[in-house]
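Structure data (compact mmCIF, C-alpha atoms) from entry_1.txt:
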```txt
# COMPACT_ATOMS: atom_id res chain seq x y z
CA MET A 1 22.32 28.28 -54.95
CA ARG A 2 21.53 24.61 -54.33
CA VAL A 3 25.04 23.63 -55.46
CA LEU A 4 26.36 25.10 -52.19
CA ARG A 5 24.63 22.33 -50.27
CA GLN A 6 27.51 20.06 -51.30
CA PRO A 7 30.29 20.51 -48.69
CA ARG A 8 33.27 20.28 -51.04
CA VAL A 9 31.67 22.64 -53.55
CA ALA A 10 30.98 25.15 -50.77
CA ALA A 11 34.58 24.80 -49.55
CA TYR A 12 35.86 25.31 -53.10
CA TYR A 13 33.92 28.56 -53.44
CA LEU A 14 35.04 29.79 -50.00
CA ILE A 15 38.76 29.27 -50.67
CA HIS A 16 38.58 30.54 -54.25
CA THR A 17 36.64 33.64 -53.23
CA SER A 18 39.37 34.49 -50.73
CA ALA A 19 41.96 34.17 -53.48
CA GLN A 20 39.92 36.37 -55.79
CA ILE A 21 39.67 39.05 -53.10
CA GLY A 22 43.47 39.11 -53.02
CA THR A 23 43.56 39.31 -56.81
CA TRP A 24 41.17 42.28 -56.91
CA VAL A 25 43.09 44.13 -54.19
CA GLN A 26 46.24 43.74 -56.26
CA GLN A 27 44.57 44.64 -59.56
CA VAL A 28 43.15 47.92 -58.27
CA VAL A 29 46.45 48.89 -56.62
CA VAL A 30 48.42 48.12 -59.80
CA GLY A 31 46.04 50.14 -61.99
CA TRP A 32 46.06 53.14 -59.66
CA TYR A 33 49.86 53.02 -59.23
CA ALA A 34 50.40 52.90 -63.01
CA TRP A 35 48.03 55.83 -63.55
CA GLU A 36 49.53 57.91 -60.74
CA GLN A 37 53.05 57.39 -62.08
CA THR A 38 52.34 58.24 -65.71
CA HIS A 39 48.78 59.63 -66.23
CA SER A 40 48.85 57.77 -69.55
CA GLU A 41 45.80 56.00 -70.95
CA LEU A 42 48.14 54.23 -73.37
CA LEU A 43 50.14 52.73 -70.51
CA LEU A 44 46.94 51.38 -68.97
CA GLY A 45 46.15 49.88 -72.36
CA ILE A 46 49.59 48.29 -72.55
CA LEU A 47 49.13 46.91 -69.04
CA ILE A 48 45.86 45.31 -70.17
CA PHE A 49 47.54 43.97 -73.31
CA VAL A 50 50.45 42.23 -71.59
CA GLN A 51 48.06 40.67 -69.08
CA PHE A 52 45.69 39.20 -71.67
CA ALA A 53 47.79 38.77 -74.84
CA PRO A 54 49.37 35.41 -73.80
CA SER A 55 45.92 33.87 -74.20
CA PHE A 56 46.45 33.74 -77.98
CA VAL A 57 48.89 30.88 -77.48
CA VAL A 58 48.33 29.60 -73.96
CA SER A 59 44.54 29.07 -73.72
CA PRO A 60 44.32 26.54 -76.59
CA LEU A 61 47.21 24.61 -75.02
CA ALA A 62 45.42 24.72 -71.66
CA GLY A 63 42.27 23.32 -73.30
CA ILE A 64 44.22 20.42 -74.77
CA LEU A 65 45.80 19.63 -71.39
CA VAL A 66 42.35 19.76 -69.75
CA ASP A 67 40.86 17.35 -72.29
CA ARG A 68 43.78 15.00 -71.60
CA GLY A 69 42.95 14.85 -67.89
CA LYS A 70 45.35 17.50 -66.54
CA VAL A 71 42.71 19.77 -65.00
CA ARG A 72 44.00 19.99 -61.45
CA GLN A 73 47.66 19.96 -62.38
CA VAL A 74 47.10 22.99 -64.62
CA VAL A 75 45.19 24.86 -61.90
CA ARG A 76 47.73 24.08 -59.16
CA ILE A 77 50.84 25.03 -61.12
CA ALA A 78 49.32 28.18 -62.62
CA ASP A 79 47.92 29.48 -59.32
CA ALA A 80 51.11 28.69 -57.41
CA THR A 81 53.19 30.56 -60.00
CA CYS A 82 50.80 33.49 -59.86
CA GLY A 83 51.07 33.57 -56.07
CA LEU A 84 54.86 33.57 -56.14
CA THR A 85 54.81 36.40 -58.69
CA SER A 86 52.67 38.52 -56.36
CA LEU A 87 55.10 37.88 -53.50
CA VAL A 88 57.93 39.12 -55.74
CA LEU A 89 55.92 42.32 -56.33
CA ALA A 90 55.49 42.69 -52.57
CA ALA A 91 59.25 42.38 -52.04
CA LEU A 92 59.94 44.99 -54.74
CA ALA A 93 57.39 47.37 -53.18
CA VAL A 94 58.86 47.00 -49.68
CA THR A 95 62.42 47.64 -50.91
CA GLY A 96 61.37 50.61 -53.04
CA ASN A 97 62.31 48.92 -56.33
CA LEU A 98 58.82 48.67 -57.82
CA THR A 99 58.93 50.20 -61.29
CA ILE A 100 56.54 50.35 -64.24
CA PHE A 101 58.75 47.84 -66.04
CA ALA A 102 58.47 45.43 -63.10
CA LEU A 103 54.68 45.86 -63.09
CA LEU A 104 54.51 45.06 -66.82
CA ALA A 105 56.75 42.01 -66.44
CA CYS A 106 54.72 40.63 -63.54
CA ALA A 107 51.45 41.40 -65.36
CA LEU A 108 52.74 39.35 -68.30
CA LEU A 109 53.54 36.38 -66.07
CA VAL A 110 50.20 36.66 -64.27
CA GLY A 111 48.51 36.77 -67.69
CA ILE A 112 50.24 33.56 -68.76
CA CYS A 113 49.17 31.84 -65.53
CA GLY A 114 45.61 33.10 -65.89
CA SER A 115 45.41 31.82 -69.46
CA PHE A 116 46.20 28.34 -68.14
CA SER A 117 44.15 28.51 -64.95
CA GLN A 118 40.88 30.07 -66.13
CA PRO A 119 39.73 27.39 -68.62
CA ALA A 120 40.93 24.62 -66.31
CA ARG A 121 38.96 26.06 -63.40
CA GLN A 122 35.80 26.33 -65.47
CA VAL A 123 36.03 22.65 -66.41
CA LEU A 124 36.96 21.67 -62.85
CA LEU A 125 33.79 23.37 -61.67
CA THR A 126 31.63 21.34 -64.07
CA LYS A 127 33.18 18.14 -62.71
CA LEU A 128 32.14 19.03 -59.17
CA VAL A 129 28.42 19.28 -60.00
CA GLU A 130 25.79 17.46 -62.05
CA LYS A 131 25.22 18.58 -65.64
CA THR A 132 21.79 19.98 -64.74
CA GLU A 133 23.48 22.24 -62.17
CA ILE A 134 26.15 23.71 -64.48
CA ALA A 135 24.27 26.96 -65.18
CA SER A 136 23.64 27.41 -61.45
CA ALA A 137 27.29 26.66 -60.65
CA VAL A 138 28.48 29.20 -63.23
CA SER A 139 26.17 31.82 -61.74
CA VAL A 140 27.39 31.09 -58.22
CA ASN A 141 30.95 31.33 -59.51
CA SER A 142 30.11 34.78 -60.87
CA VAL A 143 28.65 35.72 -57.49
CA SER A 144 31.87 34.52 -55.86
CA MET A 145 33.97 36.65 -58.20
CA ASN A 146 31.83 39.71 -57.63
CA ILE A 147 31.91 39.29 -53.85
CA ALA A 148 35.65 39.55 -54.29
CA ARG A 149 35.15 42.54 -56.54
CA SER A 150 33.06 44.22 -53.84
CA VAL A 151 35.44 43.58 -50.97
CA GLY A 152 38.82 43.76 -52.73
CA PRO A 153 38.66 47.33 -54.12
CA LEU A 154 37.55 48.71 -50.74
CA GLY A 155 40.61 47.11 -49.21
CA ALA A 156 42.75 48.43 -52.04
CA ALA A 157 41.47 51.98 -51.48
CA TYR A 158 42.40 51.75 -47.81
CA LEU A 159 45.88 50.45 -48.61
CA ILE A 160 46.49 53.14 -51.25
CA THR A 161 45.46 56.01 -48.99
CA ASN A 162 47.63 54.65 -46.16
CA ASN A 163 50.70 53.91 -48.32
CA LEU A 164 50.45 50.16 -47.71
CA SER A 165 50.35 49.02 -51.34
CA PHE A 166 52.95 46.33 -50.69
CA PHE A 167 50.42 44.51 -48.48
CA ALA A 168 48.09 44.13 -51.50
CA PHE A 169 50.70 42.09 -53.33
CA ALA A 170 51.49 39.99 -50.26
CA LEU A 171 47.79 39.25 -49.68
CA SER A 172 47.31 38.23 -53.30
CA GLY A 173 50.33 35.94 -53.19
CA VAL A 174 49.38 34.15 -49.97
CA THR A 175 45.74 33.59 -50.96
CA ALA A 176 46.71 32.31 -54.43
CA LEU A 177 49.10 29.78 -52.88
CA ALA A 178 46.40 28.68 -50.43
CA ASP A 179 43.97 28.21 -53.33
CA ALA A 180 46.50 26.05 -55.19
CA MET A 181 47.05 23.91 -52.10
CA PHE A 182 43.29 23.40 -51.68
CA VAL A 183 42.94 22.18 -55.27
CA ARG A 184 45.65 19.63 -54.55
CA VAL A 185 43.67 18.36 -51.54
CA LEU A 186 40.49 18.38 -53.60
CA SER A 187 42.08 16.21 -56.27
CA GLY A 188 42.30 13.30 -53.89
CA ASN A 189 38.52 12.79 -53.81
CA ASP A 190 36.75 14.47 -56.69
CA GLY A 191 34.86 11.66 -58.32
CA GLU A 192 36.02 12.73 -61.74
CA THR A 193 35.60 10.29 -64.57
CA LYS A 194 38.58 9.59 -66.77
CA PRO A 195 38.81 11.76 -69.87
CA VAL A 196 37.64 10.36 -73.17
CA ARG A 197 40.83 10.01 -75.19
CA PRO A 198 41.14 9.83 -78.97
CA PRO A 199 42.14 6.45 -80.41
CA ARG A 200 45.55 7.91 -81.28
CA ARG A 201 47.58 10.88 -80.09
CA GLU A 202 46.48 13.92 -82.04
CA SER A 203 48.81 16.76 -82.97
CA PHE A 204 48.38 20.17 -81.38
CA LEU A 205 46.92 21.69 -84.56
CA VAL A 206 44.48 18.82 -85.15
CA THR A 207 43.32 18.95 -81.55
CA LEU A 208 42.91 22.72 -81.66
CA LYS A 209 40.98 22.47 -84.92
CA GLY A 210 38.39 20.33 -83.14
CA ALA A 211 37.52 23.23 -80.82
CA PHE A 212 37.15 25.73 -83.66
CA THR A 213 35.04 23.27 -85.63
CA ALA A 214 32.75 22.65 -82.65
CA VAL A 215 32.09 26.39 -82.43
CA LEU A 216 31.94 27.31 -86.11
CA ASP A 217 29.58 24.46 -87.02
CA ASP A 218 27.01 25.61 -84.46
CA ARG A 219 25.22 28.83 -85.42
CA SER A 220 24.12 29.66 -81.89
CA MET A 221 27.62 29.02 -80.55
CA ARG A 222 29.06 31.34 -83.19
CA LEU A 223 26.69 34.08 -82.07
CA VAL A 224 27.59 33.60 -78.41
CA PHE A 225 31.30 33.83 -79.16
CA LEU A 226 30.91 36.90 -81.38
CA VAL A 227 28.89 38.76 -78.75
CA TYR A 228 31.41 37.76 -76.11
CA LEU A 229 34.25 38.99 -78.31
CA ALA A 230 32.48 42.34 -78.71
CA TYR A 231 32.21 42.64 -74.93
CA ALA A 232 35.87 41.66 -74.44
CA MET A 233 37.18 44.18 -76.98
CA LEU A 234 34.86 47.07 -76.15
CA GLY A 235 33.41 46.55 -72.68
CA ARG A 236 36.23 45.03 -70.66
CA PRO A 237 38.67 47.94 -71.33
CA VAL A 238 36.17 50.25 -69.61
CA ILE A 239 36.70 48.31 -66.38
CA ASP A 240 40.48 48.49 -66.65
CA MET A 241 40.35 52.20 -67.46
CA LEU A 242 38.46 52.99 -64.23
CA PRO A 243 41.49 54.62 -62.54
CA ALA A 244 41.70 57.09 -65.43
CA ILE A 245 37.90 57.53 -65.56
CA VAL A 246 37.63 58.28 -61.85
CA ASP A 247 40.51 60.76 -61.96
CA SER A 248 40.06 62.54 -65.30
CA ILE A 249 36.27 62.35 -65.86
CA LEU A 250 34.73 62.15 -62.38
CA ARG A 251 37.53 64.19 -60.76
CA GLN A 252 37.62 61.90 -57.71
CA ASP A 253 40.27 60.01 -55.74
CA ALA A 254 41.16 56.42 -54.80
CA ARG A 255 38.31 56.27 -52.27
CA VAL A 256 35.73 56.69 -55.04
CA LEU A 257 37.60 54.17 -57.20
CA GLY A 258 37.20 51.63 -54.40
CA ASN A 259 33.53 52.50 -53.90
CA ILE A 260 32.74 52.26 -57.62
CA ASN A 261 34.40 48.85 -57.90
CA ALA A 262 32.55 47.68 -54.78
CA LEU A 263 29.20 48.84 -56.16
CA PHE A 264 30.05 47.11 -59.42
CA GLY A 265 30.55 43.88 -57.52
CA VAL A 266 27.36 44.17 -55.45
CA LEU A 267 25.14 44.70 -58.50
CA ALA A 268 26.91 41.95 -60.41
CA ILE A 269 26.21 39.65 -57.47
CA ALA A 270 22.52 40.51 -57.73
CA ALA A 271 22.59 39.71 -61.45
CA GLY A 272 24.39 36.44 -60.75
CA LEU A 273 21.86 35.36 -58.16
CA LEU A 274 19.02 36.12 -60.56
CA LEU A 275 20.67 34.28 -63.44
CA SER A 276 21.35 31.25 -61.24
CA LEU A 277 17.63 30.52 -61.64
CA VAL A 278 17.98 30.32 -65.44
CA SER A 279 18.73 26.90 -66.88
CA HIS A 280 17.16 27.05 -70.37
CA ILE A 281 19.75 27.52 -73.08
CA ARG A 282 17.45 29.67 -75.21
CA THR A 283 16.99 32.17 -72.38
CA LEU A 284 20.73 32.32 -71.78
CA LEU A 285 21.35 33.32 -75.39
CA LYS A 286 18.71 36.06 -75.38
CA VAL A 287 19.88 37.53 -72.07
CA GLN A 288 23.47 37.59 -73.31
CA VAL A 289 22.58 39.61 -76.41
CA ILE A 290 20.28 42.00 -74.50
CA SER A 291 23.09 42.64 -72.01
CA LEU A 292 24.85 44.64 -74.75
CA VAL A 293 22.23 47.36 -74.24
CA PHE A 294 23.23 47.69 -70.57
CA LEU A 295 26.91 47.77 -71.48
CA ALA A 296 26.39 50.48 -74.11
CA SER A 297 24.14 52.58 -71.87
CA GLY A 298 26.45 52.33 -68.87
CA THR A 299 29.50 53.26 -70.93
CA ALA A 300 27.78 56.29 -72.47
CA MET A 301 26.47 57.53 -69.12
CA LEU A 302 29.87 57.03 -67.48
CA SER A 303 31.57 59.13 -70.16
CA LEU A 304 29.07 61.95 -69.61
CA SER A 305 29.07 61.85 -65.79
CA SER A 306 30.51 64.81 -63.97
CA SER A 307 29.76 63.77 -60.40
CA GLU A 308 30.37 60.91 -58.00
CA LEU A 309 26.65 60.02 -57.92
CA GLY A 310 26.45 59.94 -61.71
CA GLY A 311 29.44 57.62 -61.80
CA TYR A 312 27.79 55.23 -59.34
CA PHE A 313 24.60 55.09 -61.40
CA ALA A 314 26.43 54.55 -64.68
CA ILE A 315 28.70 51.82 -63.33
CA GLY A 316 25.64 50.08 -61.86
CA ILE A 317 24.03 49.81 -65.30
CA PHE A 318 27.31 48.60 -66.78
CA ALA A 319 27.77 46.02 -64.01
CA LEU A 320 24.42 44.36 -64.75
CA GLY A 321 25.35 43.99 -68.41
CA GLN A 322 28.84 42.71 -67.65
CA ALA A 323 27.59 40.04 -65.26
CA ALA A 324 24.93 38.87 -67.71
CA VAL A 325 27.23 38.58 -70.72
CA ASN A 326 29.85 36.69 -68.71
CA ILE A 327 27.48 34.24 -67.02
CA CYS A 328 25.31 33.52 -70.04
CA SER A 329 28.16 33.01 -72.49
CA SER A 330 30.07 30.73 -70.12
CA ALA A 331 27.05 28.62 -69.20
CA PHE A 332 25.93 28.38 -72.84
CA ALA A 333 29.37 27.24 -74.03
CA GLN A 334 29.66 24.57 -71.34
CA MET A 335 26.11 23.28 -71.81
CA GLN A 336 26.29 23.21 -75.61
CA ALA A 337 29.77 21.66 -75.98
CA VAL A 338 30.12 17.89 -76.31
CA GLU A 339 32.00 16.23 -73.47
CA THR A 340 35.03 15.16 -75.54
CA HIS A 341 35.67 18.75 -76.66
CA LYS A 342 34.53 20.63 -73.56
CA GLY A 343 38.01 21.55 -72.36
CA ARG A 344 38.99 22.97 -75.74
CA VAL A 345 35.71 24.82 -76.25
CA VAL A 346 35.96 26.37 -72.78
CA ALA A 347 39.59 27.28 -73.49
CA LEU A 348 38.52 28.89 -76.76
CA HIS A 349 35.86 30.79 -74.81
CA VAL A 350 38.53 32.04 -72.39
CA MET A 351 40.86 32.89 -75.28
CA THR A 352 38.06 34.88 -76.93
CA PHE A 353 37.75 37.01 -73.82
CA ARG A 354 41.42 37.40 -72.98
CA ALA A 355 42.59 37.98 -76.55
CA GLY A 356 39.74 40.40 -77.18
CA ALA A 357 40.55 42.28 -73.97
CA ALA A 358 44.24 42.46 -74.94
CA VAL A 359 43.56 43.94 -78.37
CA GLY A 360 40.70 46.11 -77.12
CA GLY A 361 42.70 47.46 -74.19
CA LEU A 362 45.59 48.49 -76.40
CA LEU A 363 43.25 50.00 -79.00
CA VAL A 364 41.10 51.88 -76.48
CA GLY A 365 44.19 53.17 -74.68
CA TYR A 366 45.64 54.47 -77.96
CA VAL A 367 42.37 56.05 -79.13
CA ALA A 368 41.77 57.63 -75.72
CA GLY A 369 45.23 59.18 -75.88
CA LEU A 370 44.39 60.72 -79.27
CA MET A 371 40.80 61.91 -78.84
CA GLY A 372 40.26 61.90 -75.10
CA LEU A 373 38.91 59.19 -72.80
CA ALA A 374 35.32 60.47 -72.76
CA ASN A 375 35.10 60.53 -76.58
CA ALA A 376 36.61 57.06 -76.80
CA MET A 377 33.92 55.76 -74.45
CA ILE A 378 31.16 57.32 -76.57
CA ALA A 379 32.62 55.45 -79.56
CA ILE A 380 32.60 52.21 -77.54
CA ALA A 381 28.92 52.69 -76.65
CA ALA A 382 28.05 53.25 -80.33
CA CYS A 383 29.91 50.10 -81.43
CA LEU A 384 28.21 47.97 -78.75
CA SER A 385 24.82 49.27 -79.90
CA ILE A 386 25.61 48.27 -83.48
CA VAL A 387 26.58 44.74 -82.40
CA PHE A 388 23.30 44.45 -80.47
CA ALA A 389 21.27 45.54 -83.51
CA CYS A 390 22.99 42.91 -85.65
CA ALA A 391 22.64 40.06 -83.12
CA ILE A 392 19.18 40.47 -81.62
CA GLY A 393 17.27 39.06 -84.59
CA THR A 394 19.24 35.80 -84.61
CA ALA A 395 18.92 35.45 -80.84
CA MET A 396 15.15 35.83 -80.90
CA ARG A 397 14.81 33.18 -83.63
CA PHE A 398 16.87 30.61 -81.71
CA ARG A 399 14.71 27.73 -80.46
CA GLY A 400 17.28 25.67 -78.57
```
Give the structure from this file in structure tokens form.
Amino acid sequence: MRVLRQPRVAAYYLIHTSAQIGTWVQQVVVGWYAWEQTHSELLLGILIFVQFAPSFVVSPLAGILVDRGKVRQVVRIADATCGLTSLVLAALAVTGNLTIFALLACALLVGICGSFSQPARQVLLTKLVEKTEIASAVSVNSVSMNIARSVGPLGAAYLITNNLSFFAFALSGVTALADAMFVRVLSGNDGETKPVRPPRRESFLVTLKGAFTAVLDDRSMRLVFLVYLAYAMLGRPVIDMLPAIVDSILRQDARVLGNINALFGVLAIAAGLLLSLVSHIRTLLKVQVISLVFLASGTAMLSLSSSELGGYFAIGIFALGQAAVNICSSAFAQMQAVETHKGRVVALHVMTFRAGAAVGGLLVGYVAGLMGLANAMIAIAACLSIVFACAIGTAMRFRG
């Protein structure tokens, strides 16, 4: 947590955490609204897909822009667009014109913005701290996100039960715009060095190839990305299916959905604080692979839970694994990547997650519609266990 001793870094986390709270309030409200209107696991899967699918094209482009010195411009424009989109949702909700089609369209636009913003923000964060503090900064960033995850869903549950869903969209829009404005102020005094440019202007494909080469030529980096892809495709859809899980498996209401998301955030915060003490790259790799065990166990227990208490316990196990795989993979990628390719490698890391979540969400939603949500989650747990068995040997042999 020593990175928070720097005033501008602390201010960055404070403003960004507020924006993430607004994002989580909106995300929970959107998921619950879509489930209440249709009771379709497939629709939830489609909602996940349209939010994350743009990453296939957008994230590599974002990485190229970042490596060419456009970090803050990318963050500002993407976050401002995302904020305006949320305000449009608020207006539709107030006037009674909010439809599933409008939700899908706005989710697509938010997904495009997120595909630009996420890799740029990760690189911006590394430019605010020393290289030796990157792992700590990534952990604190995870803590920030999970504080938002703890607070946001509780607010969302209150708004849902009091028919104030429109306020969730308004809050998300205002905080996103405030975050974009702060990044603009921050850009005036950030101490960033100028980007290292190639001797000649490279084409999009040549530039993108450099990121893939940087990952594929490094055995440990390949392992990190493969484990992260497994989490994105199999683990992340569990989070987005929580409205359906709470209603159809746990037989509970929006209050429990808010409580489960809040507990998820609290335990992920604890994991983030613990991992902020880890700076050795070898340890990061091992923890990331072992986290698959927590993800598989939590998913299996959640599918078998028949009570509110069982759901809390299962989501707690899952939360520890989710925090570990996110923090360790992100820190490893940023520490292992060379400076001239960092933006593209981070963008590829983001694309791995978002593209995996898009495909996984659609697949899990379809399978759950065919064989039932609980059975689909058992299959997810089995697949995660297989990935762990294949990866653990390589992780233990890695020397750093």
Requested in this report: Name the residues in contact with Val66 in chain A at a cut-off of 10 Å, using only C-alpha atoms, excluding same-chain residues fewer than 4 positions from it; report them as a list of chain:residue names.
Outcome: A:Pro60, A:Leu61, A:Ala62, A:Lys70, A:Val71, A:Arg72, A:Gln73, A:Val74, A:Val75, A:Phe116, A:Pro119, A:Ala120, A:Arg121, A:Val123, A:Leu124, A:Pro195, A:His341, A:Lys342, A:Gly343, A:Arg344, A:Val346, A:Ala347
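Ranking A:Ser139, A:Arg255, A:Ile77, A:Gly298 by their shortest atom-to-atom distance to Gly310 in chain A, with only C-alpha atoms included, puts A:Gly298 first.
The interatomic distance for the pair CA of Gln6 in chain A and CA of Val345 in chain A works out to 26.7 Å.
Closest approach to Ala34 in chain A among A:Val174, A:Val94, A:Leu154, A:Met241 is made by A:Met241 (distances from only C-alpha atoms).
If you look at CA of Ala357 in chain A and CA of Ser115 in chain A, they are 12.4 Å away from each other.
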Box dimensions and centre (Å, one decimal) enclosing range 155-167 of chain A, axis-aligned, 8 Å extra per side, as AutoDock Vina command-line options:
```
--center_x 46.8 --center_y 50.3 --center_z -49.1 --size_x 28.3 --size_y 27.5 --size_z 21.9
```
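Compared by their closest atoms to Asp218 in chain A, and using all atoms listed in the file, the residues A:Thr38, A:Asn146, A:Ser305, A:Gln336 rank with A:Gln336 nearest.
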**Report entry** Distance in Å - CA of Phe167 in chain A versus CA of Ala11 in chain A
**Finding:** 25.3 Å
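Considering the residues A:Gly369, A:Ile378, A:Gly258, A:Ser18 and counting all atoms listed in the file, Leu159 in chain A has its shortest atom-to-atom contact with A:Gly258.
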Query raised in the report: Using all atoms listed in the file, which residues sit within 9 Å of Phe225 in chain A once same-chain residues fewer than 6 positions away are excluded, as a PyMOL selection string?
Result: chain A and resi 215+329+333+349+352-353
Requested in this report: Name all residues at most 10 Å from His16 in chain A (count all atoms listed in the file; drop same-chain ones fewer than 3 positions away) and give them as a VMD selection string.
Outcome: chain A and resid 10 to 13 19 to 22 141 144 to 145 148 175 to 176 178 to 180 182 to 183
For the residues in the current selection, export C-alpha atoms as an mmCIF file, in the coordinates of the input.
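So out_16.cif came out as:
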```cif
data_model
loop_
_atom_site.group_PDB
_atom_site.id
_atom_site.type_symbol
_atom_site.label_atom_id
_atom_site.label_comp_id
_atom_site.auth_asym_id
_atom_site.auth_seq_id
_atom_site.Cartn_x
_atom_site.Cartn_y
_atom_site.Cartn_z
ATOM 1 C CA ALA A 10 30.980 25.150 -50.770
ATOM 2 C CA ALA A 11 34.580 24.800 -49.550
ATOM 3 C CA TYR A 12 35.860 25.310 -53.100
ATOM 4 C CA TYR A 13 33.920 28.560 -53.440
ATOM 5 C CA ALA A 19 41.960 34.170 -53.480
ATOM 6 C CA GLN A 20 39.920 36.370 -55.790
ATOM 7 C CA ILE A 21 39.670 39.050 -53.100
ATOM 8 C CA GLY A 22 43.470 39.110 -53.020
ATOM 9 C CA ASN A 141 30.950 31.330 -59.510
ATOM 10 C CA SER A 144 31.870 34.520 -55.860
ATOM 11 C CA MET A 145 33.970 36.650 -58.200
ATOM 12 C CA ALA A 148 35.650 39.550 -54.290
ATOM 13 C CA THR A 175 45.740 33.590 -50.960
ATOM 14 C CA ALA A 176 46.710 32.310 -54.430
ATOM 15 C CA ALA A 178 46.400 28.680 -50.430
ATOM 16 C CA ASP A 179 43.970 28.210 -53.330
ATOM 17 C CA ALA A 180 46.500 26.050 -55.190
ATOM 18 C CA PHE A 182 43.290 23.400 -51.680
ATOM 19 C CA VAL A 183 42.940 22.180 -55.270
#
```
Report summary line: Of A:Ala382, A:Ile281, A:Val364, A:Leu128, the one nearest to Ala331 in chain A when counting only C-alpha atoms is A:Ile281
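When only C-alpha atoms are used to compute distances to Val224 in chain A, the closest of the residues A:Ile327, A:Ile249, A:Leu164, A:Val293 turns out to be A:Ile327.
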